[in-house]
file target.pdb (PDB, C-alpha atoms)
ATOM      1  CA  GLN A   1     -16.549  -9.277  21.267
ATOM      2  CA  ALA A   2     -17.808  -8.540  17.769
ATOM      3  CA  ALA A   3     -21.396  -8.951  18.900
ATOM      4  CA  ALA A   4     -20.801  -6.651  21.856
ATOM      5  CA  MET A   5     -19.155  -4.057  19.617
ATOM      6  CA  ALA A   6     -22.048  -4.209  17.156
ATOM      7  CA  LYS A   7     -24.564  -3.857  19.987
ATOM      8  CA  LEU A   8     -22.611  -0.885  21.334
ATOM      9  CA  LEU A   9     -22.501   0.820  17.937
ATOM     10  CA  THR A  10     -26.166   0.264  17.177
ATOM     11  CA  GLY A  11     -27.419   0.818  20.710
ATOM     12  CA  GLY A  12     -28.432   4.436  20.164
ATOM     13  CA  LEU A  13     -29.579   3.933  16.575
ATOM     14  CA  THR A  14     -33.311   3.550  16.012
ATOM     15  CA  ILE A  15     -34.595   2.771  12.544
ATOM     16  CA  THR A  16     -38.143   3.869  11.846
ATOM     17  CA  MET A  17     -39.823   2.197   8.896
ATOM     18  CA  PRO A  18     -42.313   4.241   6.912
ATOM     19  CA  PRO A  19     -45.956   3.195   7.181
ATOM     20  CA  SER A  20     -47.127   0.694   4.615
ATOM     21  CA  ARG A  21     -48.853   2.226   1.633
ATOM     22  CA  PRO A  22     -52.517   1.245   1.304
ATOM     23  CA  MET A  23     -53.532  -0.793  -1.709
ATOM     24  CA  ASP A  24     -55.119   0.950  -4.645
ATOM     25  CA  PRO A  25     -58.842   0.257  -5.250
ATOM     26  CA  VAL A  26     -58.201  -2.021  -8.237
ATOM     27  CA  SER A  27     -55.811  -4.318  -6.352
ATOM     28  CA  LEU A  28     -57.986  -4.234  -3.246
ATOM     29  CA  ALA A  29     -61.022  -5.352  -5.250
ATOM     30  CA  HIS A  30     -59.053  -8.252  -6.752
ATOM     31  CA  LYS A  31     -57.807  -9.312  -3.320
ATOM     32  CA  ARG A  32     -61.233  -9.269  -1.693
ATOM     33  CA  ALA A  33     -62.908 -11.102  -4.582
ATOM     34  CA  ALA A  34     -60.266 -13.844  -4.541
ATOM     35  CA  GLU A  35     -60.669 -14.312  -0.789
ATOM     36  CA  MET A  36     -64.452 -14.544  -1.097
ATOM     37  CA  VAL A  37     -64.301 -17.196  -3.813
ATOM     38  CA  TYR A  38     -61.683 -19.141  -1.863
ATOM     39  CA  GLN A  39     -63.871 -19.203   1.237
ATOM     40  CA  VAL A  40     -66.905 -20.399  -0.723
ATOM     41  CA  GLY A  41     -64.714 -22.997  -2.444
ATOM     42  CA  GLY A  42     -63.876 -24.439   0.964
ATOM     43  CA  TRP A  43     -67.555 -25.141   1.601
ATOM     44  CA  LEU A  44     -67.763 -26.817  -1.809
ATOM     45  CA  TRP A  45     -64.741 -29.069  -1.179
ATOM     46  CA  ARG A  46     -62.460 -27.119  -3.533
ATOM     47  CA  SER A  47     -60.099 -25.281  -1.201
ATOM     48  CA  SER A  48     -56.996 -27.120  -2.394
ATOM     49  CA  GLU A  49     -57.630 -26.345  -6.068
ATOM     50  CA  LEU A  50     -58.545 -22.719  -5.341
ATOM     51  CA  SER A  51     -55.544 -21.987  -3.128
ATOM     52  CA  ALA A  52     -53.965 -20.268  -6.136
ATOM     53  CA  LEU A  53     -56.515 -17.463  -5.753
ATOM     54  CA  VAL A  54     -54.846 -16.244  -2.559
ATOM     55  CA  GLN A  55     -51.312 -17.251  -3.554
ATOM     56  CA  ARG A  56     -51.374 -15.898  -7.120
ATOM     57  CA  THR A  57     -54.225 -13.412  -7.128
ATOM     58  CA  PRO A  58     -55.097 -12.210 -10.674
ATOM     59  CA  TYR A  59     -54.189  -8.567 -10.079
ATOM     60  CA  LEU A  60     -53.492  -7.985 -13.793
ATOM     61  CA  ALA A  61     -56.955  -9.068 -14.952
ATOM     62  CA  GLU A  62     -58.699  -6.074 -16.501
ATOM     63  CA  ASP A  63     -61.903  -7.622 -17.824
ATOM     64  CA  SER A  64     -63.883 -10.859 -17.856
ATOM     65  CA  LYS A  65     -61.792 -12.225 -20.719
ATOM     66  CA  ASP A  66     -58.583 -11.967 -18.710
ATOM     67  CA  LEU A  67     -60.307 -13.546 -15.729
ATOM     68  CA  TRP A  68     -61.523 -16.478 -17.856
ATOM     69  CA  GLU A  69     -58.000 -17.064 -19.166
ATOM     70  CA  TYR A  70     -56.776 -17.116 -15.567
ATOM     71  CA  TYR A  71     -59.340 -19.744 -14.567
ATOM     72  CA  GLN A  72     -58.450 -21.924 -17.531
ATOM     73  CA  GLY A  73     -54.983 -22.235 -16.019
ATOM     74  CA  LEU A  74     -56.251 -23.460 -12.642
ATOM     75  CA  PRO A  75     -56.306 -27.217 -11.891
ATOM     76  CA  LEU A  76     -60.114 -27.399 -11.703
ATOM     77  CA  GLU A  77     -61.321 -30.804 -12.839
ATOM     78  CA  ARG A  78     -64.520 -32.753 -12.384
ATOM     79  CA  ARG A  79     -64.851 -34.427  -8.989
ATOM     80  CA  LEU A  80     -67.377 -37.229  -9.277
ATOM     81  CA  ASP A  81     -66.048 -38.834  -6.104
ATOM     82  CA  THR A  82     -67.271 -35.914  -4.010
ATOM     83  CA  LEU A  83     -70.728 -36.175  -5.507
ATOM     84  CA  LEU A  84     -70.724 -39.914  -4.854
ATOM     85  CA  ILE A  85     -69.766 -39.406  -1.211
ATOM     86  CA  LEU A  86     -72.627 -36.977  -0.650
ATOM     87  CA  GLY A  87     -75.079 -39.325  -2.329
ATOM     88  CA  LEU A  88     -73.967 -42.234  -0.163
ATOM     89  CA  THR A  89     -74.244 -40.043   2.928
ATOM     90  CA  GLY A  90     -77.882 -39.314   2.180
ATOM     91  CA  GLU A  91     -78.653 -42.969   1.609
ATOM     92  CA  LEU A  92     -76.852 -43.893   4.834
ATOM     93  CA  LEU A  93     -78.947 -41.450   6.814
ATOM     94  CA  GLU A  94     -82.061 -42.934   5.302
ATOM     95  CA  CYS A  95     -81.126 -46.582   5.808
ATOM     96  CA  THR A  96     -79.878 -46.234   9.378
ATOM     97  CA  ASP A  97     -82.975 -44.268  10.414
ATOM     98  CA  LEU A  98     -80.810 -41.426  11.728
ATOM     99  CA  ALA A  99     -82.346 -38.651   9.633
ATOM    100  CA  THR A 100     -85.112 -39.955   7.411
ATOM    101  CA  ARG A 101     -87.215 -37.663   5.252
ATOM    102  CA  GLU A 102     -90.262 -38.304   7.429
ATOM    103  CA  ARG A 103     -88.543 -37.538  10.732
ATOM    104  CA  CYS A 104     -86.195 -34.714   9.639
ATOM    105  CA  PRO A 105     -87.621 -33.147   6.475
ATOM    106  CA  ARG A 106     -85.822 -29.825   6.887
ATOM    107  CA  ILE A 107     -82.423 -31.403   7.378
ATOM    108  CA  ARG A 108     -82.898 -33.627   4.352
ATOM    109  CA  ARG A 109     -84.033 -30.713   2.184
ATOM    110  CA  MET A 110     -80.974 -28.732   3.251
ATOM    111  CA  LEU A 111     -78.773 -31.731   2.477
ATOM    112  CA  ASP A 112     -80.420 -32.114  -0.927
ATOM    113  CA  ALA A 113     -79.845 -28.444  -1.732
ATOM    114  CA  TYR A 114     -76.214 -28.668  -0.600
ATOM    115  CA  THR A 115     -75.688 -31.812  -2.669
ATOM    116  CA  PHE A 116     -77.183 -30.079  -5.697
ATOM    117  CA  VAL A 117     -74.860 -27.069  -5.389
ATOM    118  CA  VAL A 118     -71.802 -29.238  -4.806
ATOM    119  CA  GLY A 119     -72.845 -31.403  -7.750
ATOM    120  CA  ILE A 120     -72.882 -28.406 -10.088
ATOM    121  CA  ALA A 121     -69.444 -27.356  -8.825
ATOM    122  CA  CYS A 122     -68.202 -30.922  -9.360
ATOM    123  CA  MET A 123     -69.513 -31.218 -12.926
ATOM    124  CA  ALA A 124     -68.531 -27.730 -14.216
ATOM    125  CA  PRO A 125     -66.064 -26.267 -11.709
ATOM    126  CA  CYS A 126     -64.348 -23.783 -14.004
ATOM    127  CA  GLN A 127     -67.595 -22.183 -15.174
ATOM    128  CA  VAL A 128     -69.102 -22.123 -11.669
ATOM    129  CA  PHE A 129     -66.168 -20.487  -9.897
ATOM    130  CA  TYR A 130     -65.466 -18.129 -12.794
ATOM    131  CA  THR A 131     -69.043 -16.837 -12.672
ATOM    132  CA  MET A 132     -68.835 -16.586  -8.892
ATOM    133  CA  HIS A 133     -65.551 -14.676  -9.105
ATOM    134  CA  ARG A 134     -66.892 -12.270 -11.711
ATOM    135  CA  ILE A 135     -69.919 -11.420  -9.538
ATOM    136  CA  ALA A 136     -67.712 -11.007  -6.463
ATOM    137  CA  TRP A 137     -65.297  -8.834  -8.456
ATOM    138  CA  CYS A 138     -68.100  -6.466  -9.513
ATOM    139  CA  TYR A 139     -69.249  -6.169  -5.901
ATOM    140  CA  THR A 140     -65.785  -5.614  -4.431
ATOM    141  CA  SER A 141     -64.900  -3.086  -7.144
ATOM    142  CA  ARG A 142     -67.865  -0.910  -6.254
ATOM    143  CA  GLN A 143     -67.113  -1.307  -2.559
ATOM    144  CA  ALA A 144     -63.443  -0.369  -3.008
ATOM    145  CA  LEU A 145     -64.290   2.678  -5.107
ATOM    146  CA  ARG A 146     -66.708   3.924  -2.451
ATOM    147  CA  GLN A 147     -64.062   3.530   0.229
ATOM    148  CA  ALA A 148     -61.297   5.144  -1.801
ATOM    149  CA  LYS A 149     -60.344   8.699  -0.880
ATOM    150  CA  GLU A 150     -59.095   9.540  -4.357
ATOM    151  CA  PRO A 151     -59.955   8.193  -7.808
ATOM    152  CA  PRO A 152     -57.764   5.323  -9.003
ATOM    153  CA  MET A 153     -55.218   5.706 -11.749
ATOM    154  CA  PRO A 154     -56.264   3.941 -14.945
ATOM    155  CA  MET A 155     -54.483   0.658 -15.514
ATOM    156  CA  LEU A 156     -52.814   0.726 -18.926
ATOM    157  CA  ARG A 157     -51.690  -2.200 -20.951
ATOM    158  CA  PHE A 158     -48.042  -2.429 -21.874
ATOM    159  CA  GLY A 159     -48.452  -1.339 -25.510
ATOM    160  CA  GLU A 160     -50.785   1.533 -24.706
ATOM    161  CA  GLY A 161     -48.619   2.751 -21.862
ATOM    162  CA  ARG A 162     -45.502   2.564 -24.023
ATOM    163  CA  ALA A 163     -47.182   4.506 -26.838
ATOM    164  CA  ARG A 164     -48.258   7.273 -24.450
ATOM    165  CA  LEU A 165     -44.798   7.394 -22.914
ATOM    166  CA  GLU A 166     -43.146   7.708 -26.330
ATOM    167  CA  GLN A 167     -45.606  10.432 -27.313
ATOM    168  CA  ALA A 168     -44.889  12.379 -24.134
ATOM    169  CA  VAL A 169     -41.132  12.051 -24.590
ATOM    170  CA  GLY A 170     -41.397  13.058 -28.235
ATOM    171  CA  SER A 171     -43.431  16.130 -27.442
ATOM    172  CA  ALA A 172     -41.002  17.108 -24.684
ATOM    173  CA  VAL A 173     -38.007  16.685 -26.969
ATOM    174  CA  GLY A 174     -39.758  18.562 -29.752
ATOM    175  CA  SER A 175     -40.677  21.503 -27.565
ATOM    176  CA  GLY A 176     -37.139  21.566 -26.142
ATOM    177  CA  GLY A 177     -35.695  21.560 -29.656
ATOM    178  CA  ASP A 178     -37.962  24.401 -30.692
ATOM    179  CA  ARG A 179     -36.889  26.424 -27.673
ATOM    180  CA  TRP A 180     -33.224  25.691 -28.460
ATOM    181  CA  ARG A 181     -33.655  26.718 -32.085
ATOM    182  CA  SER A 182     -35.486  29.927 -31.128
ATOM    183  CA  SER A 183     -32.802  30.815 -28.570
ATOM    184  CA  SER A 184     -30.050  30.081 -31.091
ATOM    185  CA  THR A 185     -31.752  32.263 -33.701
ATOM    186  CA  SER A 186     -32.194  35.115 -31.266
ATOM    187  CA  SER A 187     -28.567  34.810 -30.122
ATOM    188  CA  SER A 188     -27.261  34.851 -33.654
ATOM    189  CA  SER A 189     -29.448  37.795 -34.603
ATOM    190  CA  GLY A 190     -28.356  39.682 -31.487
ATOM    191  CA  GLY A 191     -24.695  39.018 -32.279
ATOM    192  CA  GLY A 192     -25.171  40.228 -35.833
ATOM    193  CA  ALA A 193     -26.767  43.421 -34.641
ATOM    194  CA  GLY A 194     -23.899  44.044 -32.247
ATOM    195  CA  TYR A 195     -21.343  43.486 -34.968
ATOM    196  CA  TRP A 196     -23.131  45.901 -37.283
ATOM    197  CA  ILE A 197     -23.220  48.612 -34.604
ATOM    198  CA  GLY A 198     -19.540  48.130 -33.819
ATOM    199  CA  THR A 199     -18.408  48.314 -37.401
ATOM    200  CA  GLY A 200     -20.694  51.257 -38.117
TER     201      GLY A 200
END
call {"tool": "encode", "arguments": {"input": "target.pdb", "output": "structure tokens"}}
result
Amino acid sequence: QAAAMAKLLTGGLTITMPPSRPMDPVSLAHKRAAEMVYQVGGWLWRSSELSALVQRTPYLAEDSKDLWEYYQGLPLERRLDTLLILGLTGELLECTDLATRERCPRIRRMLDAYTFVVGIACMAPCQVFYTMHRIAWCYTSRQALRQAKEPPMPMLRFGEGRARLEQAVGSAVGSGGDRWRSSSTSSSSGGGAGYWIGTG
């Protein structure tokens, strides 16, 4: 009965949600750069370690220093096992005569290049993905600014924003106090003039 009553009461009520607000260019650039690095990390066998890029995107990073501090907190360690697996795969292809260098030179050169790139990411993962993210961030920032219909608001740090807020409040209070003092002075002068006329 309670369910039927609730359905009856809300039957003619339609709730319309407002459209979602689009992301600002700064946040959009961070989001796109993180997704790009995460996708490339999947090809380099690092998707599990880089999942934090899409789960905890560094939206508050304002420069390369902040981005480097973010990457130092990620669990990116050397992965020699991955490099060993790729090396053994190449030797297996050579020994089993499946894809030797004489029969399939292009495939082996591509495998060598892929092993080289993965090896660099395995030996210095933090530096590799940080540099990749910084390049992607520069590209996505320019792309987001071109697509933006209005210029973005500058992102202020907490101390700078607080100082500007205090300055604005102080100026507003000061101007209001000056107006109050001027109005009080004019009121008192007007009252004095009226008293002088009445007594005269």
call {"tool": "atom_distance", "arguments": {"input": "target.pdb", "atom1": "atom CA of A:Ser64", "atom2": "atom CA of A:Ala113"}}
result
28.7 Å
call {"tool": "atom_distance", "arguments": {"input": "target.pdb", "atom1": "atom CA of A:Gly41", "atom2": "atom CA of A:Tyr71"}}
result
13.7 Å
call {"tool": "closest_residue", "arguments": {"input": "target.pdb", "among": "A:Arg46, A:Arg56, A:Arg109, A:Arg103", "to": "A:His30", "atoms": "all atoms listed in the file"}}
result
A:Arg56
call {"tool": "closest_residue", "arguments": {"input": "target.pdb", "among": "A:Thr57, A:Gln127, A:Gln147, A:Thr115", "to": "A:Trp43", "atoms": "all atoms listed in the file"}}
result
A:Thr115
call {"tool": "atom_distance", "arguments": {"input": "target.pdb", "atom1": "atom CA of A:Ile120", "atom2": "atom CA of A:Ser48"}}
result
17.7 Å
call {"tool": "resolve_selection", "arguments": {"input": "target.pdb", "expression": "the PyMOL selection byres ((chain A and resi 136) around 12)", "output": "list in words"}}
result
Ala29, His30, Lys31, Arg32, Ala33, Ala34, Glu35, Met36, Val37, Tyr38, Gln39, Val40, Phe129, Tyr130, Thr131, Met132, His133, Arg134, Ile135, Trp137, Cys138, Tyr139, Thr140, Ser141, Arg142, Gln143 and Ala144 of chain A
call {"tool": "resolve_selection", "arguments": {"input": "target.pdb", "expression": "the PyMOL selection byres ((chain A and resi 77) around 9)", "output": "ChimeraX atom specification"}}
result
/A:49,74-76,78-79,122-126
call {"tool": "closest_residue", "arguments": {"input": "target.pdb", "among": "A:Leu145, A:Ala99, A:Val118, A:Glu69", "to": "A:Gly42", "atoms": "all atoms listed in the file"}}
result
A:Val118
